[in-house]
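See below for final.cif, which holds mmCIF, C-alpha atoms.
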```cif
data_final
#
loop_
_atom_site.label_atom_id
_atom_site.label_comp_id
_atom_site.auth_asym_id
_atom_site.auth_seq_id
_atom_site.Cartn_x
_atom_site.Cartn_y
_atom_site.Cartn_z
CA MET A 1 0.00 0.00 0.00
CA GLN A 2 2.75 2.44 0.95
CA ARG A 3 4.59 1.64 -2.29
CA VAL A 4 1.46 2.44 -4.32
CA ILE A 5 1.09 5.82 -2.55
CA ARG A 6 4.75 6.73 -3.18
CA GLU A 7 4.50 5.84 -6.86
CA THR A 8 1.29 7.85 -7.23
CA PHE A 9 2.86 10.92 -5.53
CA ARG A 10 6.01 10.68 -7.69
CA LYS A 11 3.96 10.56 -10.90
CA SER A 12 1.64 13.42 -9.87
CA ALA A 13 4.37 15.82 -8.57
CA PRO A 14 5.39 18.65 -10.99
CA ARG A 15 8.57 17.83 -12.81
CA GLY A 16 11.04 20.69 -13.52
CA ASN A 17 12.89 21.28 -16.74
CA ARG A 18 15.95 19.12 -16.41
CA LYS A 19 17.91 20.98 -19.08
CA ARG A 20 17.24 24.34 -17.39
CA ARG A 21 18.23 22.91 -13.99
CA ASP A 22 21.43 21.47 -15.40
CA ARG A 23 22.23 24.77 -17.16
CA ARG A 24 21.78 26.74 -13.92
CA GLN A 25 23.95 24.36 -11.95
CA GLY A 26 26.66 24.54 -14.61
CA THR A 27 26.64 28.37 -14.60
CA ALA A 28 26.92 28.52 -10.83
CA THR A 29 29.78 26.03 -10.86
CA ALA A 30 31.63 27.92 -13.58
CA GLY A 31 31.09 31.25 -11.79
CA ASP A 32 32.48 29.88 -8.56
CA ALA A 33 35.50 28.49 -10.34
CA ALA A 34 36.17 31.72 -12.26
CA ALA A 35 35.78 34.11 -9.32
CA PRO A 36 39.06 36.00 -8.92
CA GLY A 37 40.78 35.38 -5.65
CA ALA A 38 38.18 32.81 -4.59
CA ARG A 39 39.30 30.35 -1.99
CA ALA A 40 37.71 27.37 -0.34
CA GLY A 41 35.08 28.38 2.16
CA GLU A 42 34.57 31.95 0.74
CA THR A 43 31.28 33.15 -0.61
CA GLY A 44 30.19 36.19 -2.56
CA PHE A 45 28.39 39.29 -1.35
CA GLY A 46 24.61 38.87 -1.13
CA ALA A 47 22.67 35.65 -1.38
CA GLY A 48 24.63 32.57 -0.58
CA GLY A 49 27.02 34.37 1.78
CA ASN A 50 27.65 32.73 5.08
CA ALA A 51 26.82 34.28 8.45
CA THR A 52 30.31 35.68 8.88
CA ASP A 53 30.26 37.63 5.58
CA SER A 54 26.75 38.99 6.13
CA THR A 55 27.59 40.37 9.58
CA ASN A 56 31.08 41.73 8.90
CA PRO A 57 30.79 45.48 8.09
CA ILE A 58 34.43 45.76 7.05
CA ALA A 59 33.93 42.99 4.49
CA TRP A 60 30.88 44.81 3.14
CA VAL A 61 32.74 48.13 2.84
CA LEU A 62 35.84 46.69 1.22
CA ARG A 63 33.91 44.30 -1.07
CA GLY A 64 34.72 45.18 -4.65
CA ILE A 65 37.43 47.74 -3.71
CA ASP A 66 40.79 47.17 -5.31
CA ALA A 67 43.94 46.84 -3.22
CA ALA A 68 45.24 50.35 -4.00
CA THR A 69 41.99 52.03 -2.96
CA ALA A 70 41.79 49.95 0.22
CA ALA A 71 45.35 50.97 1.12
CA ASN A 72 44.43 54.63 0.60
CA LEU A 73 41.41 54.27 2.86
CA TRP A 74 43.51 52.78 5.62
CA GLN A 75 46.04 55.63 5.35
CA VAL A 76 43.27 58.23 5.59
CA ALA A 77 41.87 56.39 8.60
CA ALA A 78 45.32 56.31 10.22
CA ILE A 79 45.72 60.07 9.75
CA CYS A 80 42.28 60.80 11.22
CA VAL A 81 42.76 58.49 14.21
CA THR A 82 46.18 59.99 14.92
CA ALA A 83 44.69 63.50 14.74
CA CYS A 84 41.97 62.58 17.24
CA LEU A 85 44.51 61.03 19.59
CA ALA A 86 46.82 64.07 19.37
CA LEU A 87 44.01 66.55 20.05
CA GLY A 88 42.84 64.49 23.02
CA LEU A 89 46.34 64.28 24.51
CA VAL A 90 46.81 68.05 24.33
CA GLN A 91 43.40 68.72 25.83
CA PHE A 92 43.65 66.32 28.77
CA VAL A 93 47.29 65.34 29.36
CA GLY A 94 48.46 68.91 28.78
CA SER A 95 45.97 70.33 31.27
CA GLN A 96 46.88 72.01 34.53
CA GLN A 97 45.02 69.30 36.48
CA THR A 98 47.25 66.60 34.99
CA PHE A 99 50.37 68.63 35.75
CA LEU A 100 49.26 69.03 39.37
CA TYR A 101 48.67 65.28 39.59
CA VAL A 102 52.09 64.40 38.16
CA PHE A 103 54.00 67.20 39.92
CA PRO A 104 52.12 68.11 43.11
CA PRO A 105 53.36 71.19 44.99
CA GLY A 106 55.83 70.66 47.80
CA PRO A 107 55.32 71.34 51.51
CA ARG A 108 55.92 75.06 50.93
CA GLY A 109 53.26 75.28 48.24
CA PHE A 110 53.73 76.92 44.86
CA ASP A 111 56.99 78.69 44.15
CA SER A 112 57.40 81.72 41.89
CA TYR A 113 58.26 79.63 38.80
CA TRP A 114 55.56 77.00 39.12
CA VAL A 115 53.48 78.57 36.31
CA LEU A 116 56.49 78.63 33.96
CA ARG A 117 57.11 74.94 34.64
CA TYR A 118 53.47 74.19 33.88
CA LYS A 119 53.76 76.09 30.59
CA ALA A 120 56.85 74.02 29.76
CA TRP A 121 54.82 70.86 30.47
CA TRP A 122 52.01 72.11 28.22
CA VAL A 123 54.40 72.85 25.35
CA ALA A 124 56.15 69.48 25.80
CA VAL A 125 52.81 67.65 25.49
CA ILE A 126 52.03 69.67 22.35
CA VAL A 127 55.40 68.82 20.80
CA VAL A 128 54.89 65.12 21.50
CA SER A 129 51.26 65.09 20.33
CA TYR A 130 51.42 67.47 17.36
CA LEU A 131 54.92 66.71 16.10
CA ALA A 132 56.50 63.49 17.37
CA LEU A 133 53.43 61.25 17.14
CA PRO A 134 52.36 62.36 13.62
CA ALA A 135 55.98 62.13 12.43
CA ILE A 136 56.19 58.51 13.60
CA VAL A 137 52.87 57.63 11.96
CA THR A 138 53.94 59.30 8.70
CA ALA A 139 57.28 57.50 8.64
CA ALA A 140 55.51 54.17 9.25
CA MET A 141 53.15 54.56 6.30
CA PRO A 142 54.27 52.78 3.12
CA GLY A 143 55.40 55.22 0.45
CA LYS A 144 55.27 58.25 2.77
CA ARG A 145 58.17 60.47 3.82
CA LEU A 146 58.41 63.26 6.37
CA ARG A 147 59.05 65.80 3.65
CA ASP A 148 55.56 65.00 2.34
CA CYS A 149 54.30 66.96 5.37
CA ASN A 150 55.10 70.25 3.58
CA LEU A 151 58.56 70.61 5.13
CA GLY A 152 60.26 72.08 2.07
CA PHE A 153 62.06 75.44 2.25
CA GLU A 154 62.07 76.29 -1.46
CA GLY A 155 58.43 77.33 -1.62
CA PHE A 156 58.80 79.43 1.53
CA ARG A 157 61.91 81.16 0.17
CA ARG A 158 60.29 82.01 -3.16
CA HIS A 159 57.08 83.30 -1.57
CA PHE A 160 58.52 84.97 1.52
CA TRP A 161 57.05 88.33 0.49
CA ILE A 162 53.52 86.90 0.80
CA TYR A 163 54.03 86.15 4.47
CA VAL A 164 55.54 89.57 5.12
CA GLY A 165 52.44 91.06 3.50
CA LEU A 166 50.18 88.94 5.68
CA TYR A 167 51.91 90.13 8.84
CA GLY A 168 51.65 93.74 7.67
CA ALA A 169 47.94 93.28 6.91
CA VAL A 170 47.05 91.91 10.36
CA LEU A 171 49.26 94.33 12.32
CA PRO A 172 46.66 97.16 12.44
CA VAL A 173 44.00 94.64 13.49
CA ILE A 174 46.24 93.40 16.31
CA TRP A 175 46.78 96.97 17.48
CA LEU A 176 43.06 97.72 17.61
CA VAL A 177 42.21 94.49 19.39
CA SER A 178 45.04 95.00 21.88
CA LEU A 179 43.24 98.08 23.23
CA THR A 180 40.40 95.94 24.62
CA PRO A 181 40.57 94.69 28.23
CA GLU A 182 39.52 91.21 27.07
CA PHE A 183 42.73 91.06 25.06
CA TYR A 184 45.39 92.45 27.38
CA THR A 185 44.05 90.57 30.40
CA PHE A 186 44.35 87.27 28.51
CA TYR A 187 47.82 87.84 27.02
CA PRO A 188 50.54 86.91 27.58
CA MET A 189 49.34 83.42 28.38
CA TYR A 190 52.22 83.27 30.88
CA PRO A 191 51.14 85.96 33.38
CA GLN A 192 54.67 86.55 34.74
CA ALA A 193 56.19 87.12 31.27
CA GLY A 194 56.86 90.80 32.08
CA ARG A 195 58.53 90.09 35.42
CA SER A 196 62.04 89.84 33.98
CA TRP A 197 63.96 89.30 30.76
CA PHE A 198 64.40 85.66 31.74
CA ASP A 199 60.66 85.15 32.06
CA LEU A 200 59.90 86.94 28.81
CA LEU A 201 62.54 85.17 26.70
CA SER A 202 61.82 81.76 28.25
CA TRP A 203 58.12 82.11 27.52
CA GLU A 204 58.61 83.35 23.96
CA ALA A 205 60.99 80.45 23.24
CA LEU A 206 58.44 77.95 24.55
CA TYR A 207 55.69 79.70 22.60
CA ALA A 208 57.70 79.48 19.36
CA GLY A 209 58.26 75.74 19.87
CA GLN A 210 54.53 75.32 20.34
CA PHE A 211 53.87 77.06 17.01
CA ILE A 212 56.34 74.87 15.16
CA ALA A 213 54.50 71.77 16.41
CA LEU A 214 51.12 73.38 15.69
CA GLU A 215 51.99 74.23 12.08
CA PHE A 216 53.49 70.79 11.50
CA PHE A 217 50.31 69.13 12.75
CA PHE A 218 47.66 71.22 10.98
CA ARG A 219 49.42 72.43 7.84
CA GLY A 220 51.91 69.59 7.49
CA PHE A 221 50.52 66.30 8.76
CA LEU A 222 46.83 67.01 8.06
CA VAL A 223 46.93 69.24 4.98
CA GLY A 224 49.95 67.50 3.50
CA GLY A 225 48.73 64.01 4.37
CA LEU A 226 45.09 64.34 3.39
CA SER A 227 45.77 66.36 0.23
CA ARG A 228 47.24 63.23 -1.36
CA PHE A 229 43.73 61.77 -1.34
CA ILE A 230 41.29 64.72 -1.44
CA GLY A 231 43.44 67.53 -2.87
CA ALA A 232 42.67 71.10 -1.79
CA LEU A 233 39.65 69.89 0.21
CA ALA A 234 42.16 68.99 2.93
CA VAL A 235 42.35 72.71 3.79
CA PRO A 236 38.71 73.22 4.93
CA VAL A 237 38.77 69.83 6.64
CA CYS A 238 41.70 70.99 8.78
CA VAL A 239 40.16 74.39 9.53
CA MET A 240 37.44 72.79 11.68
CA PRO A 241 39.69 71.31 14.40
CA TYR A 242 41.93 74.39 14.11
CA LEU A 243 38.99 76.60 15.07
CA MET A 244 38.07 74.30 17.95
CA ILE A 245 41.45 74.70 19.69
CA HIS A 246 40.76 78.46 19.78
CA PHE A 247 37.47 78.15 21.69
CA THR A 248 39.17 79.10 24.98
CA LYS A 249 40.60 82.32 23.54
CA PRO A 250 38.90 85.71 22.96
CA TRP A 251 36.18 85.50 20.33
CA PRO A 252 37.89 87.85 17.81
CA GLU A 253 40.90 85.54 17.75
CA ALA A 254 38.67 82.47 17.42
CA ALA A 255 36.90 84.08 14.46
CA GLY A 256 40.21 85.12 12.93
CA SER A 257 41.52 81.58 13.22
CA VAL A 258 39.06 80.52 10.50
CA VAL A 259 40.53 83.04 8.06
CA ALA A 260 44.07 82.21 9.14
CA GLY A 261 43.37 78.50 8.81
CA PHE A 262 42.19 78.85 5.22
CA VAL A 263 44.99 81.24 4.16
CA LEU A 264 47.89 79.42 5.82
CA GLY A 265 46.50 76.02 4.86
CA TRP A 266 46.12 76.99 1.21
CA LEU A 267 49.63 78.52 1.15
CA ALA A 268 51.12 75.41 2.73
CA TRP A 269 49.34 73.26 0.14
CA LYS A 270 50.54 75.42 -2.76
CA THR A 271 54.12 76.08 -1.58
CA LYS A 272 54.62 72.66 0.07
CA SER A 273 56.05 74.50 3.08
CA ILE A 274 54.84 75.17 6.62
CA TRP A 275 57.67 77.56 7.50
CA GLY A 276 55.90 80.69 6.33
CA GLY A 277 53.05 79.88 8.69
CA VAL A 278 55.52 79.29 11.52
CA CYS A 279 57.11 82.72 10.96
CA VAL A 280 53.76 84.54 10.75
CA HIS A 281 52.46 82.77 13.85
CA CYS A 282 55.57 83.56 15.91
CA ALA A 283 55.65 87.19 14.75
CA VAL A 284 51.95 87.77 15.48
CA ALA A 285 52.10 86.03 18.88
CA SER A 286 55.18 87.99 20.01
CA THR A 287 53.58 91.25 18.89
CA MET A 288 50.40 90.43 20.79
CA ASP A 289 52.35 89.67 23.97
CA LEU A 290 54.43 92.84 23.75
CA LEU A 291 51.40 95.03 23.09
CA ALA A 292 49.53 93.49 26.02
CA LEU A 293 52.52 94.04 28.33
CA ALA A 294 52.90 97.58 27.07
CA HIS A 295 49.25 98.44 27.79
CA LYS A 296 49.67 97.08 31.32
CA GLY A 297 53.04 98.78 31.85
CA GLN A 298 54.77 95.45 32.47
CA LEU A 299 57.53 95.42 29.86
CA PRO A 300 60.81 94.24 31.45
CA TRP A 301 62.78 97.32 30.38
CA LEU A 302 60.25 99.54 32.16
CA HIS A 303 61.11 98.04 35.57
#
```
Do you think you could lay out the structure here as C-alpha cells?
Amino acid sequence: MQRVIRETFRKSAPRGNRKRRDRRQGTATAGDAAAPGARAGETGFGAGGNATDSTNPIAWVLRGIDAATAANLWQVAAICVTACLALGLVQFVGSQQTFLYVFPPGPRGFDSYWVLRYKAWWVAVIVVSYLALPAIVTAAMPGKRLRDCNLGFEGFRRHFWIYVGLYGAVLPVIWLVSLTPEFYTFYPMYPQAGRSWFDLLSWEALYAGQFIALEFFFRGFLVGGLSRFIGALAVPVCVMPYLMIHFTKPWPEAAGSVVAGFVLGWLAWKTKSIWGGVCVHCAVASTMDLLALAHKGQLPWLH
C-alpha cells in the first residue's frame, strides 16, 4: 500500500525542466571556479554568503574595492585616528590638572616659577602630540616620507614676500584688538612674562616651539597628508579642528583663526612648506604679547 502511494505521488508531482536545472547548476559552478581570488570556504556578497560575511561590516565596505583604494582608505583612517589622539592628549594630558597630579606642589606650596614649569609641560605635550606622534605615523606609512608633510624650504623662500604682507595686513588689526581689556588681560598666556627678561625670553621660546608643532600638525601632517587623497579639500577639513582649539581664547581671535586657517592652509598646500606659517604665527604672537605688556606697563625694560 505504501509503495502504491509513493508511486502515485512521484507521478503526480510537478517535474522541472531538467535541461534548465542542469544549465543553472553549470553556470553557478563555472562562476564559482572563475571568481578572482576565490578560496575554499569563501562566498560572494549577497545571497549565498555565510553568516560571517553577512555580519562583517568591514567585508561589506571593502567588497569590490581594489587593493590600491583599500590601502588609501587605511592611510586616511590612520591620519584621522592619529589627529583625534593628538588633540585628546593636548586637551587632557596637557591640562593644569594633569600637571598638578604628576607634579604636586611641595610642603611650601607653589613657588614663583611654578606657572612657567606648567607652561613648559604644556608645550612638551604639544610637541609630543602634534609633532613626534604624527611624524612617527607618517614614517611608518608605506610610500610616505616626512618631507611630504610640507617641510620644504624652497616654496617658503620664493614666496617669503607673501608672508611679510600677511603680517603687515594683520598688524593694524592686532593693534586695535590689543586696546580691549579682554585682550590684554588674557595675554601673555604666561602671566609673569613681564617680570624679567628671563621670564619673557623663556616664555617666547616655549611659545615658538609650540607654534612649530602646531603648524606641522595642521598644515603639514593634516593638509599634507590628506591632500594626497582629497586635494585642496584637505584645507577646509583641517580648519574645523583648528577653530576648535581656539574656543578658549577671545572671540575675535577664534573668528580670525578661521581666516588664518584657510589662508595658511592653502599657502602650505601650494608652496609645500609650513615655514611661512611658523614665521607669521611667531611674529603675530610675540607682537600680541608685547602690546599686552605695554598696555599694562609690564615690559621688562620699564622696571
**Near-Phe92 in chain A list (12 Å; all atoms listed in the file; drop same-chain fewer than 3 positions) as a list of chain:residue names** =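 Answer for this query is A:Leu85, A:Ala86, A:Leu87, A:Gly88, A:Leu89, A:Ser95, A:Gln96, A:Gln97, A:Thr98, A:Phe99, A:Tyr101, A:Trp122, A:Val125, A:Ile126, A:Ser129.
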Just so the selection is clear, what residues does the PyMOL selection byres ((chain A and resi 205-214) around 6) cover here, as a short mmCIF file (atom, residue, chain, number, x, y, z; two decimals) with C-alpha atoms, in the frame of the given file?
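Everything below was put into expr05.cif:
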```
data_model
loop_
_atom_site.label_atom_id
_atom_site.label_comp_id
_atom_site.auth_asym_id
_atom_site.auth_seq_id
_atom_site.Cartn_x
_atom_site.Cartn_y
_atom_site.Cartn_z
CA VAL A 123 54.40 72.85 25.35
CA VAL A 127 55.40 68.82 20.80
CA TYR A 130 51.42 67.47 17.36
CA LEU A 131 54.92 66.71 16.10
CA SER A 202 61.82 81.76 28.25
CA TRP A 203 58.12 82.11 27.52
CA GLU A 204 58.61 83.35 23.96
CA GLU A 215 51.99 74.23 12.08
CA PHE A 216 53.49 70.79 11.50
CA PHE A 217 50.31 69.13 12.75
CA VAL A 278 55.52 79.29 11.52
CA CYS A 282 55.57 83.56 15.91
#
```
- Nearest to Met189 in chain A among A:Ala283, A:Leu290, A:Ala124, A:Ala139, with distances taken over all atoms listed in the file: which residue is it?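 Looking at the shortest contact to Met189 in chain A, the residue is A:Leu290.
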Residue IDs satisfying the PyMOL selection byres ((chain A and resi 175-181) around 8), as a tab-separated table (two decimals) with C-alpha atoms, in the frame of the given file:
```tsv
chain	number	residue	atom	x	y	z
A	171	LEU	CA	49.26	94.33	12.32
A	172	PRO	CA	46.66	97.16	12.44
A	173	VAL	CA	44.00	94.64	13.49
A	174	ILE	CA	46.24	93.40	16.31
A	182	GLU	CA	39.52	91.21	27.07
A	183	PHE	CA	42.73	91.06	25.06
A	184	TYR	CA	45.39	92.45	27.38
A	185	THR	CA	44.05	90.57	30.40
A	288	MET	CA	50.40	90.43	20.79
A	291	LEU	CA	51.40	95.03	23.09
A	292	ALA	CA	49.53	93.49	26.02
A	295	HIS	CA	49.25	98.44	27.79
```
Counting only C-alpha atoms, what is within 12 Å of Phe103 in chain A, bar same-chain residues fewer than 6 positions away, as an MDAnalysis selection string? chainID A and resid 96:97 109:110 114:115 117:118 121
From the list A:Val170, A:Leu226, A:Leu299, A:Val237, the nearest residue to Gly256 in chain A using all atoms listed in the file is A:Val170
Pairwise distance, CA of Pro250 in chain A with CA of Pro188 in chain A, equals 12.6 Å
| Residues returned when the PyMOL selection byres ((chain A and resi 241) around 12) runs on this file, as a list in words | Cys80, Ala83, Cys84, Ala86, Leu87, Gly88, Leu214, Phe217, Phe218, Arg219, Leu222, Ala234, Val235, Pro236, Val237, Cys238, Val239, Met240, Tyr242, Leu243, Met244, Ile245, His246, Phe247, Ala254, Ser257, Val258 and Gly261 of chain A
The residue from A:Tyr167, A:Pro142, A:Val263, A:Trp301 with the smallest atom-to-atom distance to Val284 in chain A, counting only C-alpha atoms, is A:Tyr167
Practice task
Write out as an MDAnalysis selection string the residues lying within 6 Å of Asn150 in chain A, counting all atoms listed in the file and excluding same-chain residues fewer than 3 positions away.
Solution key: chainID A and resid 147 220 224 272:274
Kindly give the distance, in Å, that separates CA of Arg158 in chain A and CA of Arg228 in chain A, rounded to a single decimal.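 Between these atoms lies a distance of 22.9 Å.
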Report task. Just give me the gap between CA of Val128 in chain A and CA of His281 in chain A in Å, one decimal is fine. Result ->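 Taking CA of Val128 in chain A as the start and CA of His281 in chain A as the end point, the length is 19.4 Å.
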Where's the centre, and what are the edge lengths in Å to one decimal, of a box along x, y and z enclosing all listed atoms of range 272-277 of chain A padded 6 Å per side, as AutoDock Vina command-line options?
```
--center_x 55.4 --center_y 76.7 --center_z 4.4 --size_x 16.6 --size_y 20.0 --size_z 20.6
```
Kindly indicate which residue among A:Val137, A:Ile162, A:Val102, A:Leu146 lies nearest to Leu264 in chain A, using all atoms listed in the file for the distances.
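Result for the nearest residue to Leu264 in chain A: A:Ile162.
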